[in-house]
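Text of data_28.txt (compact mmCIF, N, CA and C atoms) as supplied:
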```
# COMPACT_ATOMS: atom_id res chain seq x y z
N MET Y 945 20.23 11.49 -11.15
CA MET Y 945 20.19 10.29 -10.36
C MET Y 945 18.85 10.26 -9.62
N ILE Y 946 18.23 9.12 -9.58
CA ILE Y 946 16.95 8.94 -8.91
C ILE Y 946 17.23 8.49 -7.47
N VAL Y 947 16.66 9.22 -6.50
CA VAL Y 947 16.92 8.95 -5.09
C VAL Y 947 15.62 9.04 -4.30
N ASN Y 948 15.67 8.53 -3.07
CA ASN Y 948 14.52 8.67 -2.19
C ASN Y 948 14.68 9.95 -1.36
N ARG Y 949 13.77 10.22 -0.48
CA ARG Y 949 13.76 11.47 0.28
C ARG Y 949 14.99 11.63 1.15
N LYS Y 950 15.38 10.58 1.86
CA LYS Y 950 16.54 10.67 2.75
C LYS Y 950 17.81 10.92 1.95
N GLU Y 951 17.96 10.21 0.85
CA GLU Y 951 19.13 10.42 0.01
C GLU Y 951 19.17 11.84 -0.53
N LEU Y 952 18.00 12.36 -0.92
CA LEU Y 952 17.94 13.73 -1.43
C LEU Y 952 18.33 14.72 -0.33
N ALA Y 953 17.82 14.48 0.87
CA ALA Y 953 18.18 15.35 2.00
C ALA Y 953 19.68 15.31 2.27
N ASP Y 954 20.27 14.11 2.20
CA ASP Y 954 21.71 13.98 2.41
C ASP Y 954 22.50 14.73 1.34
N ILE Y 955 22.07 14.59 0.10
CA ILE Y 955 22.77 15.23 -1.01
C ILE Y 955 22.76 16.75 -0.84
N PHE Y 956 21.62 17.31 -0.46
CA PHE Y 956 21.50 18.76 -0.35
C PHE Y 956 21.82 19.28 1.05
N GLY Y 957 22.12 18.36 1.97
CA GLY Y 957 22.52 18.78 3.31
C GLY Y 957 21.40 19.43 4.10
N VAL Y 958 20.19 18.90 3.96
CA VAL Y 958 19.04 19.44 4.67
C VAL Y 958 18.32 18.30 5.40
N ALA Y 959 17.35 18.66 6.23
CA ALA Y 959 16.56 17.67 6.95
C ALA Y 959 15.48 17.09 6.04
N ASN Y 960 14.99 15.90 6.39
CA ASN Y 960 13.89 15.28 5.64
C ASN Y 960 12.67 16.18 5.59
N THR Y 961 12.41 16.90 6.68
CA THR Y 961 11.25 17.79 6.73
C THR Y 961 11.40 18.96 5.76
N THR Y 962 12.65 19.35 5.49
CA THR Y 962 12.88 20.40 4.51
C THR Y 962 12.46 19.93 3.12
N ILE Y 963 12.74 18.66 2.82
CA ILE Y 963 12.32 18.09 1.53
C ILE Y 963 10.80 18.14 1.43
N ASP Y 964 10.12 17.80 2.52
CA ASP Y 964 8.64 17.85 2.52
C ASP Y 964 8.16 19.28 2.26
N ALA Y 965 8.83 20.26 2.87
CA ALA Y 965 8.45 21.66 2.65
C ALA Y 965 8.69 22.06 1.20
N TRP Y 966 9.80 21.61 0.62
CA TRP Y 966 10.07 21.91 -0.79
C TRP Y 966 8.98 21.35 -1.68
N VAL Y 967 8.56 20.10 -1.40
CA VAL Y 967 7.53 19.46 -2.22
C VAL Y 967 6.24 20.27 -2.14
N SER Y 968 5.91 20.76 -0.96
CA SER Y 968 4.68 21.56 -0.83
C SER Y 968 4.80 22.88 -1.58
N LYS Y 969 6.03 23.33 -1.85
CA LYS Y 969 6.25 24.57 -2.60
C LYS Y 969 6.40 24.32 -4.10
N GLY Y 970 6.33 23.03 -4.51
CA GLY Y 970 6.39 22.74 -5.94
C GLY Y 970 7.61 21.99 -6.41
N CYS Y 971 8.43 21.52 -5.49
CA CYS Y 971 9.61 20.74 -5.86
C CYS Y 971 9.16 19.51 -6.67
N PRO Y 972 9.84 19.23 -7.78
CA PRO Y 972 9.42 18.10 -8.61
C PRO Y 972 9.64 16.74 -7.95
N VAL Y 973 8.64 15.89 -8.06
CA VAL Y 973 8.69 14.53 -7.53
C VAL Y 973 8.38 13.58 -8.69
N ILE Y 974 9.23 12.58 -8.88
CA ILE Y 974 8.98 11.62 -9.96
C ILE Y 974 7.79 10.75 -9.60
N GLU Y 975 7.79 10.26 -8.36
CA GLU Y 975 6.72 9.35 -7.92
C GLU Y 975 6.46 9.59 -6.45
N LYS Y 976 5.23 9.93 -6.12
CA LYS Y 976 4.85 10.13 -4.72
C LYS Y 976 4.89 8.81 -3.99
N GLY Y 977 5.41 8.83 -2.79
CA GLY Y 977 5.49 7.61 -2.00
C GLY Y 977 4.15 7.22 -1.42
N THR Y 978 4.05 5.95 -1.10
CA THR Y 978 2.89 5.42 -0.41
C THR Y 978 3.40 4.66 0.80
N ARG Y 979 2.52 4.12 1.57
CA ARG Y 979 2.92 3.38 2.76
C ARG Y 979 3.83 2.23 2.35
N GLY Y 980 5.07 2.23 2.86
CA GLY Y 980 6.02 1.18 2.56
C GLY Y 980 6.79 1.39 1.27
N LYS Y 981 6.51 2.48 0.57
CA LYS Y 981 7.21 2.75 -0.68
C LYS Y 981 7.65 4.21 -0.68
N ALA Y 982 8.94 4.43 -0.85
CA ALA Y 982 9.50 5.77 -0.76
C ALA Y 982 9.19 6.59 -2.00
N SER Y 983 9.11 7.90 -1.81
CA SER Y 983 8.98 8.81 -2.94
C SER Y 983 10.29 8.80 -3.72
N LYS Y 984 10.18 9.14 -5.01
CA LYS Y 984 11.37 9.17 -5.86
C LYS Y 984 11.57 10.58 -6.40
N TYR Y 985 12.81 11.02 -6.39
CA TYR Y 985 13.17 12.34 -6.87
C TYR Y 985 14.34 12.22 -7.84
N ASP Y 986 14.34 13.09 -8.85
CA ASP Y 986 15.48 13.20 -9.75
C ASP Y 986 16.30 14.37 -9.25
N THR Y 987 17.55 14.10 -8.84
CA THR Y 987 18.36 15.14 -8.22
C THR Y 987 18.61 16.31 -9.17
N VAL Y 988 18.72 16.03 -10.46
CA VAL Y 988 18.94 17.12 -11.41
C VAL Y 988 17.72 18.03 -11.46
N ASP Y 989 16.53 17.44 -11.51
CA ASP Y 989 15.30 18.25 -11.53
C ASP Y 989 15.16 19.08 -10.26
N VAL Y 990 15.45 18.46 -9.11
CA VAL Y 990 15.36 19.17 -7.84
C VAL Y 990 16.38 20.30 -7.80
N PHE Y 991 17.59 20.01 -8.25
CA PHE Y 991 18.65 21.02 -8.27
C PHE Y 991 18.22 22.21 -9.13
N ASN Y 992 17.71 21.92 -10.33
CA ASN Y 992 17.26 23.00 -11.21
C ASN Y 992 16.09 23.76 -10.61
N TRP Y 993 15.18 23.06 -9.94
CA TRP Y 993 14.06 23.72 -9.30
C TRP Y 993 14.56 24.66 -8.20
N LEU Y 994 15.50 24.17 -7.38
CA LEU Y 994 16.05 25.02 -6.33
C LEU Y 994 16.73 26.25 -6.92
N LYS Y 995 17.46 26.03 -7.97
CA LYS Y 995 18.22 27.12 -8.60
C LYS Y 995 17.28 28.18 -9.18
N HIS Y 996 16.18 27.74 -9.80
CA HIS Y 996 15.33 28.69 -10.50
C HIS Y 996 14.07 29.09 -9.74
N ASP Y 997 13.46 28.15 -9.02
CA ASP Y 997 12.17 28.42 -8.41
C ASP Y 997 12.18 28.38 -6.89
N GLY Y 998 12.92 27.44 -6.34
CA GLY Y 998 12.80 27.16 -4.92
C GLY Y 998 13.66 28.02 -4.02
N ASN Y 999 14.84 28.40 -4.49
CA ASN Y 999 15.76 29.10 -3.60
C ASN Y 999 16.72 29.93 -4.43
N GLU Y 1000 16.55 31.21 -4.40
CA GLU Y 1000 17.39 32.11 -5.18
C GLU Y 1000 18.79 32.26 -4.58
N ASP Y 1001 19.01 31.77 -3.36
CA ASP Y 1001 20.25 32.03 -2.65
C ASP Y 1001 21.34 30.99 -2.89
N ILE Y 1002 21.11 30.00 -3.74
CA ILE Y 1002 22.15 29.00 -3.98
C ILE Y 1002 23.27 29.67 -4.76
N ASP Y 1003 24.47 29.65 -4.21
CA ASP Y 1003 25.58 30.29 -4.91
C ASP Y 1003 26.36 29.27 -5.74
N LEU Y 1004 27.22 29.77 -6.59
CA LEU Y 1004 27.94 28.93 -7.53
C LEU Y 1004 28.82 27.91 -6.83
N GLN Y 1005 29.46 28.28 -5.73
CA GLN Y 1005 30.33 27.34 -5.01
C GLN Y 1005 29.51 26.19 -4.44
N LYS Y 1006 28.36 26.50 -3.90
CA LYS Y 1006 27.50 25.45 -3.35
C LYS Y 1006 27.00 24.55 -4.48
N GLU Y 1007 26.68 25.13 -5.63
CA GLU Y 1007 26.25 24.35 -6.79
C GLU Y 1007 27.32 23.34 -7.17
N ARG Y 1008 28.55 23.79 -7.26
CA ARG Y 1008 29.64 22.90 -7.65
C ARG Y 1008 29.84 21.80 -6.61
N ALA Y 1009 29.75 22.16 -5.34
CA ALA Y 1009 29.92 21.16 -4.28
C ALA Y 1009 28.81 20.11 -4.34
N LEU Y 1010 27.58 20.56 -4.57
CA LEU Y 1010 26.46 19.62 -4.66
C LEU Y 1010 26.62 18.69 -5.84
N LEU Y 1011 27.01 19.23 -6.98
CA LEU Y 1011 27.19 18.39 -8.17
C LEU Y 1011 28.33 17.39 -7.97
N ALA Y 1012 29.42 17.83 -7.37
CA ALA Y 1012 30.56 16.93 -7.12
C ALA Y 1012 30.14 15.81 -6.17
N ALA Y 1013 29.40 16.15 -5.11
CA ALA Y 1013 28.95 15.14 -4.15
C ALA Y 1013 28.02 14.15 -4.84
N GLU Y 1014 27.14 14.65 -5.69
CA GLU Y 1014 26.21 13.77 -6.40
C GLU Y 1014 26.96 12.83 -7.34
N GLN Y 1015 27.97 13.33 -8.02
CA GLN Y 1015 28.75 12.49 -8.92
C GLN Y 1015 29.50 11.40 -8.15
N ARG Y 1016 30.05 11.76 -6.99
CA ARG Y 1016 30.74 10.75 -6.16
C ARG Y 1016 29.78 9.67 -5.69
N ARG Y 1017 28.60 10.08 -5.26
CA ARG Y 1017 27.60 9.11 -4.80
C ARG Y 1017 27.17 8.19 -5.92
N LYS Y 1018 27.00 8.74 -7.11
CA LYS Y 1018 26.59 7.94 -8.26
C LYS Y 1018 27.66 6.90 -8.60
N ILE Y 1019 28.91 7.32 -8.62
CA ILE Y 1019 30.01 6.39 -8.91
C ILE Y 1019 30.10 5.32 -7.84
N GLN Y 1020 29.98 5.70 -6.57
CA GLN Y 1020 30.03 4.72 -5.48
C GLN Y 1020 28.90 3.71 -5.60
N ARG Y 1021 27.70 4.20 -5.90
CA ARG Y 1021 26.53 3.31 -6.03
C ARG Y 1021 26.73 2.34 -7.19
N GLU Y 1022 27.21 2.84 -8.33
CA GLU Y 1022 27.45 1.98 -9.49
C GLU Y 1022 28.51 0.93 -9.17
N ASN Y 1023 29.55 1.32 -8.45
CA ASN Y 1023 30.60 0.36 -8.05
C ASN Y 1023 30.04 -0.70 -7.10
N ASP Y 1024 29.23 -0.28 -6.15
CA ASP Y 1024 28.64 -1.24 -5.20
C ASP Y 1024 27.76 -2.25 -5.92
N ILE Y 1025 26.98 -1.78 -6.89
CA ILE Y 1025 26.12 -2.69 -7.66
C ILE Y 1025 26.97 -3.64 -8.48
N ALA Y 1026 28.00 -3.11 -9.14
CA ALA Y 1026 28.87 -3.94 -9.97
C ALA Y 1026 29.59 -5.01 -9.15
N GLU Y 1027 29.97 -4.68 -7.92
CA GLU Y 1027 30.67 -5.63 -7.06
C GLU Y 1027 29.73 -6.55 -6.31
N GLY Y 1028 28.44 -6.36 -6.49
CA GLY Y 1028 27.46 -7.22 -5.83
C GLY Y 1028 27.29 -6.92 -4.36
N LEU Y 1029 27.70 -5.73 -3.92
CA LEU Y 1029 27.56 -5.36 -2.51
C LEU Y 1029 26.14 -4.90 -2.18
N VAL Y 1030 25.45 -4.40 -3.18
CA VAL Y 1030 24.06 -3.97 -3.01
C VAL Y 1030 23.26 -4.47 -4.20
N ALA Y 1031 21.98 -4.48 -4.05
CA ALA Y 1031 21.10 -4.88 -5.15
C ALA Y 1031 20.12 -3.75 -5.41
N PRO Y 1032 19.70 -3.59 -6.64
CA PRO Y 1032 18.69 -2.56 -6.92
C PRO Y 1032 17.42 -2.83 -6.13
N VAL Y 1033 16.78 -1.79 -5.68
CA VAL Y 1033 15.57 -1.91 -4.87
C VAL Y 1033 14.50 -2.69 -5.64
N SER Y 1034 14.41 -2.48 -6.94
CA SER Y 1034 13.38 -3.18 -7.72
C SER Y 1034 13.59 -4.69 -7.68
N LEU Y 1035 14.85 -5.13 -7.67
CA LEU Y 1035 15.14 -6.56 -7.60
C LEU Y 1035 14.70 -7.12 -6.25
N LEU Y 1036 15.00 -6.41 -5.17
CA LEU Y 1036 14.60 -6.85 -3.84
C LEU Y 1036 13.07 -6.84 -3.69
N TYR Y 1037 12.45 -5.81 -4.23
CA TYR Y 1037 10.99 -5.71 -4.16
C TYR Y 1037 10.34 -6.89 -4.89
N ASP Y 1038 10.84 -7.19 -6.08
CA ASP Y 1038 10.30 -8.31 -6.85
C ASP Y 1038 10.49 -9.64 -6.11
N ALA Y 1039 11.67 -9.83 -5.49
CA ALA Y 1039 11.93 -11.07 -4.76
C ALA Y 1039 10.97 -11.22 -3.58
N LEU Y 1040 10.75 -10.14 -2.84
CA LEU Y 1040 9.82 -10.19 -1.71
C LEU Y 1040 8.39 -10.44 -2.17
N GLU Y 1041 8.02 -9.82 -3.27
CA GLU Y 1041 6.67 -10.01 -3.81
C GLU Y 1041 6.44 -11.46 -4.23
N LYS Y 1042 7.42 -12.06 -4.89
CA LYS Y 1042 7.31 -13.46 -5.32
C LYS Y 1042 7.27 -14.40 -4.12
N THR Y 1043 8.07 -14.09 -3.10
CA THR Y 1043 8.07 -14.91 -1.89
C THR Y 1043 6.71 -14.86 -1.21
N ALA Y 1044 6.15 -13.68 -1.10
CA ALA Y 1044 4.83 -13.54 -0.48
C ALA Y 1044 3.77 -14.29 -1.27
N ALA Y 1045 3.88 -14.23 -2.59
CA ALA Y 1045 2.90 -14.93 -3.44
C ALA Y 1045 2.96 -16.44 -3.25
N GLN Y 1046 4.12 -16.95 -2.89
CA GLN Y 1046 4.25 -18.39 -2.64
C GLN Y 1046 3.81 -18.77 -1.24
N ILE Y 1047 4.01 -17.89 -0.28
CA ILE Y 1047 3.69 -18.20 1.12
C ILE Y 1047 2.20 -18.09 1.40
N ILE Y 1048 1.53 -17.12 0.82
CA ILE Y 1048 0.12 -16.87 1.12
C ILE Y 1048 -0.76 -18.10 0.87
N PRO Y 1049 -0.63 -18.78 -0.27
CA PRO Y 1049 -1.49 -19.97 -0.46
C PRO Y 1049 -1.23 -21.06 0.58
N ILE Y 1050 -0.01 -21.18 1.02
CA ILE Y 1050 0.31 -22.18 2.05
C ILE Y 1050 -0.42 -21.83 3.34
N PHE Y 1051 -0.35 -20.56 3.73
CA PHE Y 1051 -1.06 -20.13 4.93
C PHE Y 1051 -2.56 -20.33 4.79
N GLU Y 1052 -3.10 -20.00 3.62
CA GLU Y 1052 -4.55 -20.11 3.41
C GLU Y 1052 -5.02 -21.56 3.48
N SER Y 1053 -4.19 -22.50 3.07
CA SER Y 1053 -4.59 -23.90 3.08
C SER Y 1053 -4.35 -24.58 4.44
N LEU Y 1054 -3.66 -23.91 5.32
CA LEU Y 1054 -3.32 -24.49 6.62
C LEU Y 1054 -4.53 -24.94 7.44
N PRO Y 1055 -5.58 -24.15 7.60
CA PRO Y 1055 -6.73 -24.62 8.39
C PRO Y 1055 -7.36 -25.90 7.82
N LEU Y 1056 -7.48 -26.00 6.51
CA LEU Y 1056 -8.06 -27.19 5.89
C LEU Y 1056 -7.16 -28.41 6.13
N MET Y 1057 -5.85 -28.24 5.98
CA MET Y 1057 -4.91 -29.35 6.23
C MET Y 1057 -5.01 -29.80 7.69
N MET Y 1058 -5.14 -28.84 8.60
CA MET Y 1058 -5.24 -29.20 10.01
C MET Y 1058 -6.51 -30.01 10.27
N LYS Y 1059 -7.62 -29.59 9.67
CA LYS Y 1059 -8.89 -30.29 9.87
C LYS Y 1059 -8.83 -31.71 9.30
N ARG Y 1060 -8.15 -31.87 8.14
CA ARG Y 1060 -8.01 -33.20 7.54
C ARG Y 1060 -7.14 -34.11 8.40
N ASN Y 1061 -6.06 -33.59 8.93
CA ASN Y 1061 -5.12 -34.40 9.70
C ASN Y 1061 -5.58 -34.63 11.14
N TRP Y 1062 -6.35 -33.70 11.67
CA TRP Y 1062 -6.84 -33.83 13.03
C TRP Y 1062 -8.34 -33.54 13.03
N PRO Y 1063 -9.15 -34.51 12.65
CA PRO Y 1063 -10.60 -34.28 12.55
C PRO Y 1063 -11.23 -33.85 13.87
N GLU Y 1064 -10.58 -34.17 14.97
CA GLU Y 1064 -11.15 -33.81 16.28
C GLU Y 1064 -10.96 -32.34 16.63
N ILE Y 1065 -10.21 -31.60 15.80
CA ILE Y 1065 -9.98 -30.19 16.07
C ILE Y 1065 -11.32 -29.44 15.98
N THR Y 1066 -11.51 -28.50 16.88
CA THR Y 1066 -12.80 -27.80 16.95
C THR Y 1066 -12.83 -26.61 15.99
N GLY Y 1067 -14.03 -26.15 15.73
CA GLY Y 1067 -14.22 -24.97 14.90
C GLY Y 1067 -13.58 -23.73 15.51
N ASP Y 1068 -13.62 -23.65 16.85
CA ASP Y 1068 -13.00 -22.51 17.53
C ASP Y 1068 -11.48 -22.51 17.32
N GLN Y 1069 -10.89 -23.70 17.35
CA GLN Y 1069 -9.45 -23.79 17.14
C GLN Y 1069 -9.08 -23.40 15.69
N ILE Y 1070 -9.90 -23.85 14.75
CA ILE Y 1070 -9.67 -23.49 13.35
C ILE Y 1070 -9.83 -21.98 13.18
N THR Y 1071 -10.84 -21.40 13.80
CA THR Y 1071 -11.06 -19.96 13.74
C THR Y 1071 -9.86 -19.21 14.31
N LEU Y 1072 -9.29 -19.72 15.38
CA LEU Y 1072 -8.11 -19.11 15.98
C LEU Y 1072 -6.93 -19.12 15.00
N VAL Y 1073 -6.75 -20.23 14.30
CA VAL Y 1073 -5.67 -20.33 13.30
C VAL Y 1073 -5.93 -19.35 12.16
N LYS Y 1074 -7.19 -19.29 11.68
CA LYS Y 1074 -7.52 -18.36 10.61
C LYS Y 1074 -7.27 -16.91 11.03
N LYS Y 1075 -7.60 -16.61 12.29
CA LYS Y 1075 -7.39 -15.26 12.80
C LYS Y 1075 -5.89 -14.93 12.83
N ALA Y 1076 -5.08 -15.89 13.27
CA ALA Y 1076 -3.63 -15.67 13.33
C ALA Y 1076 -3.06 -15.47 11.92
N ILE Y 1077 -3.57 -16.22 10.95
CA ILE Y 1077 -3.12 -16.07 9.56
C ILE Y 1077 -3.49 -14.69 9.04
N ALA Y 1078 -4.71 -14.25 9.33
CA ALA Y 1078 -5.16 -12.93 8.88
C ALA Y 1078 -4.30 -11.84 9.52
N GLU Y 1079 -3.98 -11.97 10.79
CA GLU Y 1079 -3.13 -10.99 11.47
C GLU Y 1079 -1.74 -10.95 10.84
N CYS Y 1080 -1.23 -12.12 10.51
CA CYS Y 1080 0.09 -12.21 9.87
C CYS Y 1080 0.06 -11.52 8.51
N ARG Y 1081 -0.95 -11.80 7.71
CA ARG Y 1081 -1.07 -11.17 6.39
C ARG Y 1081 -1.19 -9.66 6.52
N ASN Y 1082 -1.99 -9.21 7.49
CA ASN Y 1082 -2.14 -7.76 7.70
C ASN Y 1082 -0.84 -7.12 8.14
N ALA Y 1083 -0.10 -7.81 9.00
CA ALA Y 1083 1.18 -7.28 9.46
C ALA Y 1083 2.16 -7.13 8.29
N VAL Y 1084 2.18 -8.12 7.41
CA VAL Y 1084 3.05 -8.05 6.23
C VAL Y 1084 2.60 -6.94 5.31
N ALA Y 1085 1.29 -6.82 5.10
CA ALA Y 1085 0.77 -5.79 4.20
C ALA Y 1085 1.03 -4.38 4.75
N ASP Y 1086 0.99 -4.25 6.08
CA ASP Y 1086 1.18 -2.93 6.70
C ASP Y 1086 2.63 -2.62 7.01
N ALA Y 1087 3.52 -3.57 6.77
CA ALA Y 1087 4.93 -3.36 7.10
C ALA Y 1087 5.47 -2.19 6.29
N GLU Y 1088 6.17 -1.32 6.97
CA GLU Y 1088 6.80 -0.19 6.29
C GLU Y 1088 8.25 -0.56 5.99
N VAL Y 1089 8.56 -0.61 4.72
CA VAL Y 1089 9.92 -0.93 4.32
C VAL Y 1089 10.71 0.36 4.35
N ASN Y 1090 11.76 0.37 5.15
CA ASN Y 1090 12.58 1.57 5.28
C ASN Y 1090 13.69 1.51 4.23
N LEU Y 1091 13.53 2.26 3.17
CA LEU Y 1091 14.52 2.30 2.11
C LEU Y 1091 15.55 3.40 2.35
N ASP Y 1092 15.40 4.10 3.46
CA ASP Y 1092 16.30 5.21 3.74
C ASP Y 1092 17.61 4.78 4.38
N GLY Y 1093 17.74 3.50 4.67
CA GLY Y 1093 19.02 3.03 5.21
C GLY Y 1093 19.01 2.74 6.66
```
Rewrite the coordinates I just gave you, this time as structure tokens.
Amino acid sequence: MIVNRKELADIFGVANTTIDAWVSKGCPVIEKGTRGKASKYDTVDVFNWLKHDGNEDIDLQKERALLAAEQRRKIQRENDIAEGLVAPVSLLYDALEKTAAQIIPIFESLPLMMKRNWPEITGDQITLVKKAIAECRNAVADAEVNLDG
């Protein structure tokens, strides 16, 4: 199952910082996260890494408990998706990306529309609007999407 860092920490019953420590020791990562985008981990790969490379102390009972918990989470997630209670992250990401692509041209054309409709508007006022648009775009670009719940 592909999960983000928080989900991986929950599955293995450790802190998020422990996951970071594992990664620095060689824990497999499918995709490194970037600002606003979570890292992706395959729980089976991480489990095998812990079993063979990362932690020699995992006992059989803990292995079984971890696998059972992972299977329950997978079934619950599949049921939630099937019932329409949640949507895949990729679907939400695509929807937000398309929305932003439609909004940005509107914002960019706003100063010109204002100048056409109100010719008496000053250059300083137009500059103020452009600055506000730029700040808005930067805020959206810098927004950190919390996929951890």
**Request:** Return the single residue from Y:Tyr985, Y:Lys976, Y:Thr962, Y:Gly970 that is closest to Asp997 in chain Y, with distances computed using only C-alpha atoms.
**Result:**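 Result for the nearest residue to Asp997 in chain Y: Y:Gly970.
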**Message:** Can you pull out the residues contacting Thr961 in chain Y? Cut-off 10 Å, using only C-alpha atoms, and skip same-chain residues under 6 positions away; I want them as a list in words.
**Reply:** Arg949, Lys950, Ala953 and Val967 of chain Y
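The space between CA of Ala982 in chain Y and CA of Arg1017 in chain Y spans 18.8 Å.
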**Asked** Contacts of Ala1044 in chain Y at 10 Å or less, counting only C-alpha atoms, minus same-chain residues fewer than 5 places along, as a PyMOL selection string?
**Response** chain Y and resi 1038-1039+1049+1081+1084-1085
**Message:** Need to verify the contact set: Asp986 in chain Y, 6.5 Å, all atoms listed in the file, exclusion of same-chain residues closer than 4 positions in sequence. Can you return it as number ranges by chain?
**Reply:** Y: 945-947, 972-974, 990-991
Residue rebuild result range 1028-1044 of chain Y, N, CA, C and O atoms as a short mmCIF file (atom, residue, chain, number, x, y, z; two decimals), in the coordinates of the input:
```cif
data_model
loop_
_atom_site.label_atom_id
_atom_site.label_comp_id
_atom_site.auth_asym_id
_atom_site.auth_seq_id
_atom_site.Cartn_x
_atom_site.Cartn_y
_atom_site.Cartn_z
N GLY Y 1028 28.44 -6.36 -6.49
CA GLY Y 1028 27.46 -7.22 -5.83
C GLY Y 1028 27.29 -6.92 -4.36
O GLY Y 1028 26.77 -7.74 -3.60
N LEU Y 1029 27.70 -5.73 -3.92
CA LEU Y 1029 27.56 -5.36 -2.51
C LEU Y 1029 26.14 -4.90 -2.18
O LEU Y 1029 25.71 -4.99 -1.04
N VAL Y 1030 25.45 -4.40 -3.18
CA VAL Y 1030 24.06 -3.97 -3.01
C VAL Y 1030 23.26 -4.47 -4.20
O VAL Y 1030 23.83 -4.81 -5.23
N ALA Y 1031 21.98 -4.48 -4.05
CA ALA Y 1031 21.10 -4.88 -5.15
C ALA Y 1031 20.12 -3.75 -5.41
O ALA Y 1031 19.75 -3.02 -4.49
N PRO Y 1032 19.70 -3.59 -6.64
CA PRO Y 1032 18.69 -2.56 -6.92
C PRO Y 1032 17.42 -2.83 -6.13
O PRO Y 1032 17.03 -3.99 -5.93
N VAL Y 1033 16.78 -1.79 -5.68
CA VAL Y 1033 15.57 -1.91 -4.87
C VAL Y 1033 14.50 -2.69 -5.64
O VAL Y 1033 13.79 -3.51 -5.05
N SER Y 1034 14.41 -2.48 -6.94
CA SER Y 1034 13.38 -3.18 -7.72
C SER Y 1034 13.59 -4.69 -7.68
O SER Y 1034 12.63 -5.45 -7.62
N LEU Y 1035 14.85 -5.13 -7.67
CA LEU Y 1035 15.14 -6.56 -7.60
C LEU Y 1035 14.70 -7.12 -6.25
O LEU Y 1035 14.07 -8.19 -6.18
N LEU Y 1036 15.00 -6.41 -5.17
CA LEU Y 1036 14.60 -6.85 -3.84
C LEU Y 1036 13.07 -6.84 -3.69
O LEU Y 1036 12.49 -7.77 -3.13
N TYR Y 1037 12.45 -5.81 -4.23
CA TYR Y 1037 10.99 -5.71 -4.16
C TYR Y 1037 10.34 -6.89 -4.89
O TYR Y 1037 9.42 -7.52 -4.37
N ASP Y 1038 10.84 -7.19 -6.08
CA ASP Y 1038 10.30 -8.31 -6.85
C ASP Y 1038 10.49 -9.64 -6.11
O ASP Y 1038 9.60 -10.48 -6.09
N ALA Y 1039 11.67 -9.83 -5.49
CA ALA Y 1039 11.93 -11.07 -4.76
C ALA Y 1039 10.97 -11.22 -3.58
O ALA Y 1039 10.43 -12.31 -3.35
N LEU Y 1040 10.75 -10.14 -2.84
CA LEU Y 1040 9.82 -10.19 -1.71
C LEU Y 1040 8.39 -10.44 -2.17
O LEU Y 1040 7.64 -11.18 -1.54
N GLU Y 1041 8.02 -9.82 -3.27
CA GLU Y 1041 6.67 -10.01 -3.81
C GLU Y 1041 6.44 -11.46 -4.23
O GLU Y 1041 5.40 -12.06 -3.94
N LYS Y 1042 7.42 -12.06 -4.89
CA LYS Y 1042 7.31 -13.46 -5.32
C LYS Y 1042 7.27 -14.40 -4.12
O LYS Y 1042 6.52 -15.38 -4.11
N THR Y 1043 8.07 -14.09 -3.10
CA THR Y 1043 8.07 -14.91 -1.89
C THR Y 1043 6.71 -14.86 -1.21
O THR Y 1043 6.16 -15.90 -0.82
N ALA Y 1044 6.15 -13.68 -1.10
CA ALA Y 1044 4.83 -13.54 -0.48
C ALA Y 1044 3.77 -14.29 -1.27
O ALA Y 1044 2.89 -14.93 -0.70
#
```
